[in-house]
Structure formats: structure tokens, C-alpha cells
Amino acid sequence: MKTSNEALMLPKTDIALNVHQLRQILQLSHALDEVGNPAQTVHRMARALEEIIPCMKCYVWLHDPDTQLLWTYADERLHSHKADEILAGRAFLEKQRLHLSHPPEEALIHPTFDRLHAAELGHFLAQPIHKADGTVIGIMQLMNSRVHPFSASVLDVLSEWALLAGARLHNILRLKQWQQAFATFSETISRILDTRDYITSGHSRRVTLYAMELSRQMNLSPAQKKVLRLAALLHDIGKLGIPELILLQKRRPNEDEYEIMRRHVNITRQVLQGVHFPEEIKEVVDIAAMHHEKFDGSGYPLGKKGDQIPLGARILAVCDTFDALSSRRPYAERQPFAHIVNLMDKETGAAFEPFIIYHFKNLPLGNLIRILEHGHEDHINIGDVRFLNQFTINDYMQAHREPDDNNRALTERFDYYYSRGYRV
Ligand SMILES: [Fe+2]
Ligand SMILES: [Fe+2]
């Protein structure tokens, strides 16, 4: 007869929850509640399941309705397969659990499942994850060695998890789709803007790329980058309210016309205020509408200065001016690069914040050329980009001031791309 202690002990392959595993269950719920990156959710879900269910390895697959592929996240990258290419795909296609004690040797278990583990593999379990209406949206795949079969209680727990996970994952994926819809819609509006204004063609896109380059250099947080990117894409949306007769003329605007042009920032604010931005990206409105404010308070429309201007708007001011000065126009070539940097130096402390200019002048030249030549990347030699990325704007200016045999290659290669003409 078994002692009471022995009776309470479950076989090694069964679920016997300890504090650590209970914590993992809570973390798994938390992973599913987090509104974030589905790839990270899938990864965390698989790791948490490995802690809770006695198994050798666990993967979670999700179905992408656009590509019709099953994808998973492992070894820090996404892996996608057609359902009929992987063993777990059978559970997806047949919409029911697949439980094998001897998986066929030729079957693709997982793209990262190594041979060492494959030799030990005995039991294979693929549990469909489905929404309440029965639609299968993914698969939980668990594996165990030959001597450790999955118990009935493990199968029960997994079925329950599949229901819970299905509902939550579906919400995460749906939210992600809405976020993508919003992001691509913003990009489309930005492209409309760039298409209409053929004089500064591609301006919003390049300003966005400069802003992202600068935000990397300044080590901004992902949240700050997200807001800045959106503000950069939409900063000149107010130009849609400026008559083409004034916006698209091939000469400098006179004072009256300039006054009308300046209204675009107020229109940007009005337009963006009409968008119901979630709390965490609300600053988009101020950043976009304040990109013509100057650090010393001499800008427009509000004449704010220093910290009264959001950091994102202070960054945009630098990117916006640099692009305006360095753009090719249908009627004029670019101004010489060194001349532009000198102009920006003169405005440091006046129009621009010195700290931002410091970082701006540390931008790598290869990445800078890629942005300057955005839309013509096919004609840029990747070796030249790598070479130029060893140097910064500061290095260029130094080489320009004191040219010698050592630094000539740097200025020549940069100037070749900066000054080449290919307009048709
Ligand atoms: Fe502007
Ligand atoms: Fe602009």
C-alpha cells in the first residue's frame, strides 16, 4: 500500500505545480495580456510553457492570413513555413490535435531543432490554438523524449490553454493589424504630400530618415522614436492647405507669399488635432506643429524657446533645415555641403540646440549619403557606403578645411555622390 506521500507524488512526466511553475503560469498570462510585438509574445509563451509542462522543447506557431504561412520566433528571428512543410502543420490543416509517439524521421520538426535533440525525440504533440468560433490561428508544439510520454492531464491542460491563448492572441494580432493600418496610412499621407510638392520631392521621407538617424545617434528610447517618426512623416501636412500657385513656384517667395507659406504649421496643428491619437503618441501634434520654432525663441508660430519646444520638434528643426538646404531643385543644384554645415554652425544656439547639432555632426557619412540620395540607392556602391561610414560630418569638415593625401579619398568619394547630376 502506498504511503500518503507516495500517493501525492505524480509521475515525472505529469504536471506537479510548484511555486516556480505557478509564477510561470502568471507570466504566461501576462505575456498574453501585453499589447506588444506578437513575435515576442510567441517566444515568451513557448518559454513559459516549457517551464510549466514537463517537456524537452516547445514552440508556438501562428498563422499569417496574408501569406497563408505558419510562422514562429526562435533564435532571435522569424521562421515561416507552409503548413504542409512542417509536422505541426498537420494539426493546423486537420484542425485537431496531433499526438505521435514516433514522429516520422523525415518530417521537419522545426527549423531550429538540432540533430542532437532529434535523436532523443520520441513524443510529438501539436495542439491547435483556436478562436471561440473554431478558426485555428496557431499551434502549440511540444516534444518529449521516448521515455517521457505526455500524460492525460498534460493534454487536458493544453486544451484549456489553447482556448485561452486563442482568444488573447487573436486580440493581439487584431490590434497589430490596426496599428499597421494606421502606420501605413500615415506613410501614404506623407507620400501624397511628397508627390504633390515636386519642388522638394521626397522631403517628408528624407526628414523622417534624418530624424531616425539622429534619434539613433542620440540614443532615444523606442517610444520617443515612434512619436518622432510619425511627427516627421506628417510635419508638413499643413502644406496641403497652401495654394499650389504659391507652394510650387520656381523662385523665392515674396514677403506676402512667405506669410501664407508660414500658415502651414497652424494647418498641421489643426489637421492633427482632429486625429484621436492614443495617449502615448499624443505629442505627435506638438512636435509636428512646432518644427519651425527656433531654440532662441525667434521661430514661428508661437515663438517658444529652449525646453518650451519638445525635443522631437528641436530635432525636426535640424533635419528639416538640412533637407531644405541640401535638396536638389528642378531649377538648381545642391548648395556645397561644407557651405551648408557652416550655415548650420552659425545658427547653432540661435535656430538650433547645440546638443542636437553636436550629434548631427557625428552622423556617419555613408548613411547620410543614402538619405541624401534616397530614391537612387541602386546607384550607390555599398563599398563606398561602408567606407564613408567610418567618417562623420565633423571628419568631412576637418578634411575640407585641411585637405591632405590621407583625407582626400573621404571628401572625393562623398562629393562624388553629393554633387553628381542624373536628373532627366
Ligand atoms: Fe515646414
Ligand atoms: Fe518640412
# chains A, B, ... in the order shown; residues from 1 in each chain; ligands from 1
>>> closest_atom_pairs(of="chain A", to="ligand 1", cutoff="10 Å", atoms="only C-alpha atoms and all ligand atoms", output="JSON lines")
{"residue": "A:His203", "atom": "CA", "partner": "ligand 1", "partner_atom_place_in_ligand_line": "1 (Fe)", "distance": 9.9}
{"residue": "A:Ser204", "atom": "CA", "partner": "ligand 1", "partner_atom_place_in_ligand_line": "1 (Fe)", "distance": 9.4}
{"residue": "A:Leu234", "atom": "CA", "partner": "ligand 1", "partner_atom_place_in_ligand_line": "1 (Fe)", "distance": 9.9}
{"residue": "A:His235", "atom": "CA", "partner": "ligand 1", "partner_atom_place_in_ligand_line": "1 (Fe)", "distance": 6.6}
{"residue": "A:Asp236", "atom": "CA", "partner": "ligand 1", "partner_atom_place_in_ligand_line": "1 (Fe)", "distance": 5.0}
{"residue": "A:Ile237", "atom": "CA", "partner": "ligand 1", "partner_atom_place_in_ligand_line": "1 (Fe)", "distance": 8.6}
{"residue": "A:Gly238", "atom": "CA", "partner": "ligand 1", "partner_atom_place_in_ligand_line": "1 (Fe)", "distance": 8.2}
{"residue": "A:Lys239", "atom": "CA", "partner": "ligand 1", "partner_atom_place_in_ligand_line": "1 (Fe)", "distance": 7.7}
{"residue": "A:Met261", "atom": "CA", "partner": "ligand 1", "partner_atom_place_in_ligand_line": "1 (Fe)", "distance": 8.6}
{"residue": "A:Arg262", "atom": "CA", "partner": "ligand 1", "partner_atom_place_in_ligand_line": "1 (Fe)", "distance": 7.8}
{"residue": "A:Arg263", "atom": "CA", "partner": "ligand 1", "partner_atom_place_in_ligand_line": "1 (Fe)", "distance": 9.4}
{"residue": "A:His264", "atom": "CA", "partner": "ligand 1", "partner_atom_place_in_ligand_line": "1 (Fe)", "distance": 6.8}
{"residue": "A:Val265", "atom": "CA", "partner": "ligand 1", "partner_atom_place_in_ligand_line": "1 (Fe)", "distance": 6.5}
{"residue": "A:Thr268", "atom": "CA", "partner": "ligand 1", "partner_atom_place_in_ligand_line": "1 (Fe)", "distance": 9.1}
{"residue": "A:Ala288", "atom": "CA", "partner": "ligand 1", "partner_atom_place_in_ligand_line": "1 (Fe)", "distance": 8.7}
{"residue": "A:Ala289", "atom": "CA", "partner": "ligand 1", "partner_atom_place_in_ligand_line": "1 (Fe)", "distance": 8.5}
{"residue": "A:Met290", "atom": "CA", "partner": "ligand 1", "partner_atom_place_in_ligand_line": "1 (Fe)", "distance": 9.0}
{"residue": "A:His291", "atom": "CA", "partner": "ligand 1", "partner_atom_place_in_ligand_line": "1 (Fe)", "distance": 6.6}
{"residue": "A:His292", "atom": "CA", "partner": "ligand 1", "partner_atom_place_in_ligand_line": "1 (Fe)", "distance": 6.4}
{"residue": "A:Leu316", "atom": "CA", "partner": "ligand 1", "partner_atom_place_in_ligand_line": "1 (Fe)", "distance": 9.5}
{"residue": "A:Ala317", "atom": "CA", "partner": "ligand 1", "partner_atom_place_in_ligand_line": "1 (Fe)", "distance": 8.7}
{"residue": "A:Asp320", "atom": "CA", "partner": "ligand 1", "partner_atom_place_in_ligand_line": "1 (Fe)", "distance": 7.2}
{"residue": "A:Thr321", "atom": "CA", "partner": "ligand 1", "partner_atom_place_in_ligand_line": "1 (Fe)", "distance": 8.9}
{"residue": "A:Ala324", "atom": "CA", "partner": "ligand 1", "partner_atom_place_in_ligand_line": "1 (Fe)", "distance": 9.4}
>>> residues_around(residues="Ala165 of chain A", least_positions_apart="4", cutoff="7 Å", atoms="only C-alpha atoms", output="VMD selection string")
chain A and resid 129 161 169
>>> write_last_selection(atoms="C-alpha atoms", output="mmCIF file, in the first residue's frame")
data_model
loop_
_atom_site.group_PDB
_atom_site.id
_atom_site.type_symbol
_atom_site.label_atom_id
_atom_site.label_comp_id
_atom_site.auth_asym_id
_atom_site.auth_seq_id
_atom_site.Cartn_x
_atom_site.Cartn_y
_atom_site.Cartn_z
ATOM 1 C CA ILE A 129 -4.832 27.245 -30.853
ATOM 2 C CA TRP A 161 -4.596 26.858 -22.632
ATOM 3 C CA LEU A 169 -3.602 36.051 -29.302
#
>>> residues_around(residues="segment 199-202 of chain A", least_positions_apart="5", cutoff="9 Å", atoms="only C-alpha atoms", output="VMD selection string")
chain A and resid 191 193 to 194 207 247 to 250 323 to 324 327 to 331 374 to 375
>>> write_last_selection(atoms="C-alpha atoms", output="PDB file, in the first residue's frame")
ATOM      1  CA  ARG A 191       3.815  60.178 -49.779  1.00  0.00           C
ATOM      2  CA  LEU A 193       2.479  65.254 -49.637  1.00  0.00           C
ATOM      3  CA  ASP A 194       5.843  64.445 -51.223  1.00  0.00           C
ATOM      4  CA  VAL A 207      13.298  64.360 -43.000  1.00  0.00           C
ATOM      5  CA  LEU A 247       3.854  76.469 -52.967  1.00  0.00           C
ATOM      6  CA  LEU A 248       5.166  75.346 -56.336  1.00  0.00           C
ATOM      7  CA  GLN A 249       6.739  78.411 -57.843  1.00  0.00           C
ATOM      8  CA  LYS A 250      10.279  78.343 -59.141  1.00  0.00           C
ATOM      9  CA  ASP A 323      16.994  68.847 -46.103  1.00  0.00           C
ATOM     10  CA  ALA A 324      15.729  72.207 -47.343  1.00  0.00           C
ATOM     11  CA  SER A 327      17.809  69.186 -51.675  1.00  0.00           C
ATOM     12  CA  ARG A 328      18.156  69.256 -55.423  1.00  0.00           C
ATOM     13  CA  ARG A 329      15.583  71.570 -57.018  1.00  0.00           C
ATOM     14  CA  PRO A 330      14.307  71.370 -60.614  1.00  0.00           C
ATOM     15  CA  TYR A 331      15.993  74.737 -61.216  1.00  0.00           C
ATOM     16  CA  HIS A 374      17.027  58.399 -51.280  1.00  0.00           C
ATOM     17  CA  GLY A 375      15.245  57.019 -54.341  1.00  0.00           C
TER      18      GLY A 375
END
>>> atom_distance(atom1="atom CA of Glu106 of chain A", atom2="atom CA of Glu85 of chain A")
10.9 Å
>>> atom_distance(atom1="atom CA of Glu50 of chain A", atom2="atom CA of Asp75 of chain A")
15.7 Å
>>> select_by_dssp(residues="segment 2-246 of chain A", states="strand (DSSP E or B)", output="VMD selection string")
chain A and resid 57 to 64 69 to 74 77 to 81 98 to 100 121 to 130 136 to 145
>>> write_last_selection(atoms="N, CA and C atoms", output="compact mmCIF listing (two decimals), in the first residue's frame")
# COMPACT_ATOMS: atom_id res chain seq x y z
N LYS A 57 11.11 20.40 -25.37
CA LYS A 57 11.15 21.65 -26.15
C LYS A 57 9.72 22.06 -26.53
N CYS A 58 9.50 23.35 -26.59
CA CYS A 58 8.18 23.84 -27.00
C CYS A 58 8.34 24.99 -28.00
N TYR A 59 7.50 25.00 -29.01
CA TYR A 59 7.45 26.11 -29.96
C TYR A 59 5.99 26.52 -30.11
N VAL A 60 5.78 27.79 -30.43
CA VAL A 60 4.43 28.25 -30.74
C VAL A 60 4.45 28.80 -32.16
N TRP A 61 3.52 28.33 -32.96
CA TRP A 61 3.38 28.81 -34.34
C TRP A 61 2.11 29.65 -34.45
N LEU A 62 2.16 30.71 -35.28
CA LEU A 62 0.94 31.46 -35.56
C LEU A 62 0.71 31.50 -37.07
N HIS A 63 -0.54 31.57 -37.44
CA HIS A 63 -0.90 31.60 -38.86
C HIS A 63 -1.03 33.04 -39.33
N ASP A 64 -0.38 33.36 -40.45
CA ASP A 64 -0.50 34.70 -41.03
C ASP A 64 -1.51 34.63 -42.18
N LEU A 69 1.05 31.52 -44.32
CA LEU A 69 2.15 30.72 -43.77
C LEU A 69 2.02 30.62 -42.25
N LEU A 70 2.63 29.56 -41.70
CA LEU A 70 2.76 29.48 -40.25
C LEU A 70 4.12 30.05 -39.90
N TRP A 71 4.16 30.91 -38.89
CA TRP A 71 5.45 31.49 -38.50
C TRP A 71 5.70 31.31 -37.02
N THR A 72 6.97 31.26 -36.68
CA THR A 72 7.36 31.16 -35.28
C THR A 72 8.59 32.04 -35.07
N TYR A 73 8.91 32.28 -33.81
CA TYR A 73 10.08 33.12 -33.50
C TYR A 73 11.04 32.30 -32.65
N ALA A 74 12.22 32.08 -33.17
CA ALA A 74 13.23 31.32 -32.43
C ALA A 74 14.61 31.76 -32.89
N ARG A 77 14.94 35.23 -34.59
CA ARG A 77 14.40 35.62 -35.90
C ARG A 77 13.12 34.86 -36.20
N LEU A 78 12.41 35.37 -37.19
CA LEU A 78 11.15 34.72 -37.59
C LEU A 78 11.45 33.60 -38.57
N HIS A 79 10.67 32.52 -38.46
CA HIS A 79 10.77 31.41 -39.42
C HIS A 79 9.37 31.17 -39.94
N SER A 80 9.21 31.12 -41.26
CA SER A 80 7.89 30.89 -41.85
C SER A 80 7.89 29.64 -42.71
N HIS A 81 6.80 28.90 -42.64
CA HIS A 81 6.66 27.69 -43.47
C HIS A 81 5.22 27.51 -43.90
N LEU A 98 -2.53 16.68 -32.83
CA LEU A 98 -1.71 15.61 -33.41
C LEU A 98 -0.79 15.10 -32.31
N HIS A 99 -0.92 13.83 -31.97
CA HIS A 99 -0.12 13.26 -30.89
C HIS A 99 0.56 12.00 -31.40
N LEU A 100 1.86 12.08 -31.60
CA LEU A 100 2.59 10.94 -32.18
C LEU A 100 3.64 10.44 -31.20
N LEU A 121 14.26 12.52 -29.68
CA LEU A 121 12.83 12.80 -29.80
C LEU A 121 11.97 11.53 -29.88
N GLY A 122 10.98 11.47 -29.00
CA GLY A 122 10.07 10.33 -29.02
C GLY A 122 8.64 10.80 -29.22
N HIS A 123 8.16 11.66 -28.33
CA HIS A 123 6.76 12.06 -28.36
C HIS A 123 6.59 13.47 -28.91
N PHE A 124 5.64 13.59 -29.81
CA PHE A 124 5.40 14.85 -30.50
C PHE A 124 3.94 15.24 -30.34
N LEU A 125 3.72 16.47 -29.90
CA LEU A 125 2.35 16.91 -29.65
C LEU A 125 2.13 18.27 -30.31
N ALA A 126 1.09 18.37 -31.15
CA ALA A 126 0.76 19.66 -31.77
C ALA A 126 -0.69 19.97 -31.43
N GLN A 127 -0.87 21.00 -30.62
CA GLN A 127 -2.21 21.38 -30.14
C GLN A 127 -2.68 22.64 -30.86
N PRO A 128 -3.76 22.56 -31.66
CA PRO A 128 -4.24 23.78 -32.33
C PRO A 128 -4.67 24.85 -31.32
N ILE A 129 -4.35 26.10 -31.64
CA ILE A 129 -4.83 27.24 -30.85
C ILE A 129 -5.96 27.85 -31.68
N HIS A 130 -7.15 27.95 -31.10
CA HIS A 130 -8.24 28.47 -31.92
C HIS A 130 -9.06 29.54 -31.24
N VAL A 136 -8.70 28.04 -36.50
CA VAL A 136 -7.37 27.78 -35.94
C VAL A 136 -6.45 28.93 -36.31
N ILE A 137 -5.81 29.53 -35.30
CA ILE A 137 -4.91 30.67 -35.58
C ILE A 137 -3.45 30.32 -35.29
N GLY A 138 -3.23 29.14 -34.73
CA GLY A 138 -1.85 28.77 -34.45
C GLY A 138 -1.74 27.39 -33.85
N ILE A 139 -0.52 27.02 -33.49
CA ILE A 139 -0.25 25.68 -32.96
C ILE A 139 0.72 25.78 -31.79
N MET A 140 0.45 25.03 -30.73
CA MET A 140 1.45 24.85 -29.68
C MET A 140 2.10 23.50 -29.94
N GLN A 141 3.41 23.51 -30.10
CA GLN A 141 4.12 22.27 -30.44
C GLN A 141 5.04 21.89 -29.28
N LEU A 142 4.84 20.69 -28.72
CA LEU A 142 5.67 20.23 -27.61
C LEU A 142 6.31 18.90 -27.95
N MET A 143 7.52 18.70 -27.49
CA MET A 143 8.21 17.45 -27.77
C MET A 143 8.79 16.87 -26.49
N ASN A 144 8.86 15.53 -26.45
CA ASN A 144 9.47 14.87 -25.31
C ASN A 144 10.28 13.66 -25.76
N SER A 145 11.14 13.19 -24.89
CA SER A 145 11.96 12.02 -25.24
C SER A 145 11.11 10.75 -25.20
>>> select_by_dssp(residues="segment 98-180 of chain A", states="alpha helix (DSSP H)", output="ChimeraX atom specification")
/A:115-120,152-180
>>> closest_residue(among="A:Leu220, A:Ala231, A:Val42, A:Ala132", to="ligand 2", atoms="only C-alpha atoms and all ligand atoms")
A:Ala231
>>> residues_around(residues="Gln398 of chain A", least_positions_apart="6", cutoff="12 Å", atoms="only C-alpha atoms", output="PDB file with N, CA and C atoms, in the first residue's frame")
ATOM      1  N   ALA A 338      29.875  71.708 -47.478  1.00  0.00           N
ATOM      2  CA  ALA A 338      30.591  72.428 -46.414  1.00  0.00           C
ATOM      3  C   ALA A 338      29.912  73.773 -46.120  1.00  0.00           C
ATOM      4  N   VAL A 341      26.913  73.079 -43.878  1.00  0.00           N
ATOM      5  CA  VAL A 341      27.304  72.789 -42.488  1.00  0.00           C
ATOM      6  C   VAL A 341      27.748  74.084 -41.794  1.00  0.00           C
ATOM      7  N   ASN A 342      28.463  74.934 -42.522  1.00  0.00           N
ATOM      8  CA  ASN A 342      28.871  76.220 -41.927  1.00  0.00           C
ATOM      9  C   ASN A 342      27.660  77.082 -41.572  1.00  0.00           C
ATOM     10  N   LYS A 361      26.479  66.419 -36.178  1.00  0.00           N
ATOM     11  CA  LYS A 361      27.794  66.441 -36.824  1.00  0.00           C
ATOM     12  C   LYS A 361      28.590  65.164 -36.591  1.00  0.00           C
ATOM     13  N   PHE A 391      33.522  57.630 -41.286  1.00  0.00           N
ATOM     14  CA  PHE A 391      33.754  59.058 -41.030  1.00  0.00           C
ATOM     15  C   PHE A 391      32.442  59.779 -40.724  1.00  0.00           C
ATOM     16  N   THR A 392      32.582  60.920 -40.083  1.00  0.00           N
ATOM     17  CA  THR A 392      31.397  61.704 -39.716  1.00  0.00           C
ATOM     18  C   THR A 392      31.426  63.054 -40.447  1.00  0.00           C
ATOM     19  N   ASP A 404      44.569  66.844 -47.231  1.00  0.00           N
ATOM     20  CA  ASP A 404      45.891  66.240 -47.427  1.00  0.00           C
ATOM     21  C   ASP A 404      45.710  64.885 -48.089  1.00  0.00           C
ATOM     22  N   ASN A 406      45.893  61.956 -46.993  1.00  0.00           N
ATOM     23  CA  ASN A 406      45.180  60.941 -46.199  1.00  0.00           C
ATOM     24  C   ASN A 406      43.673  61.119 -46.239  1.00  0.00           C
ATOM     25  N   ASN A 407      43.215  62.371 -46.286  1.00  0.00           N
ATOM     26  CA  ASN A 407      41.763  62.568 -46.200  1.00  0.00           C
ATOM     27  C   ASN A 407      41.099  62.885 -47.539  1.00  0.00           C
ATOM     28  N   ARG A 408      41.913  62.924 -48.615  1.00  0.00           N
ATOM     29  CA  ARG A 408      41.335  63.286 -49.909  1.00  0.00           C
ATOM     30  C   ARG A 408      40.285  62.261 -50.371  1.00  0.00           C
ATOM     31  N   LEU A 410      38.232  60.570 -48.708  1.00  0.00           N
ATOM     32  CA  LEU A 410      36.961  60.780 -47.993  1.00  0.00           C
ATOM     33  C   LEU A 410      36.133  61.889 -48.657  1.00  0.00           C
ATOM     34  N   THR A 411      36.735  63.049 -48.861  1.00  0.00           N
ATOM     35  CA  THR A 411      35.957  64.153 -49.437  1.00  0.00           C
ATOM     36  C   THR A 411      35.596  63.848 -50.895  1.00  0.00           C
TER      37      THR A 411
END
>>> atom_distance(atom1="atom CA of Pro38 of chain A", atom2="atom CA of Ala167 of chain A")
13.7 Å
>>> residues_around(residues="Tyr210 of chain A", least_positions_apart="6", cutoff="10 Å", atoms="only C-alpha atoms", output="MDAnalysis selection string")
chainID A and resid 204 216 229 232 315:316 318:320 322:323 360 363 367:368 371:372
>>> closest_residue(among="A:Arg420, A:Thr208, A:Arg146, A:Glu353", to="ligand 2", atoms="only C-alpha atoms and all ligand atoms")
A:Thr208
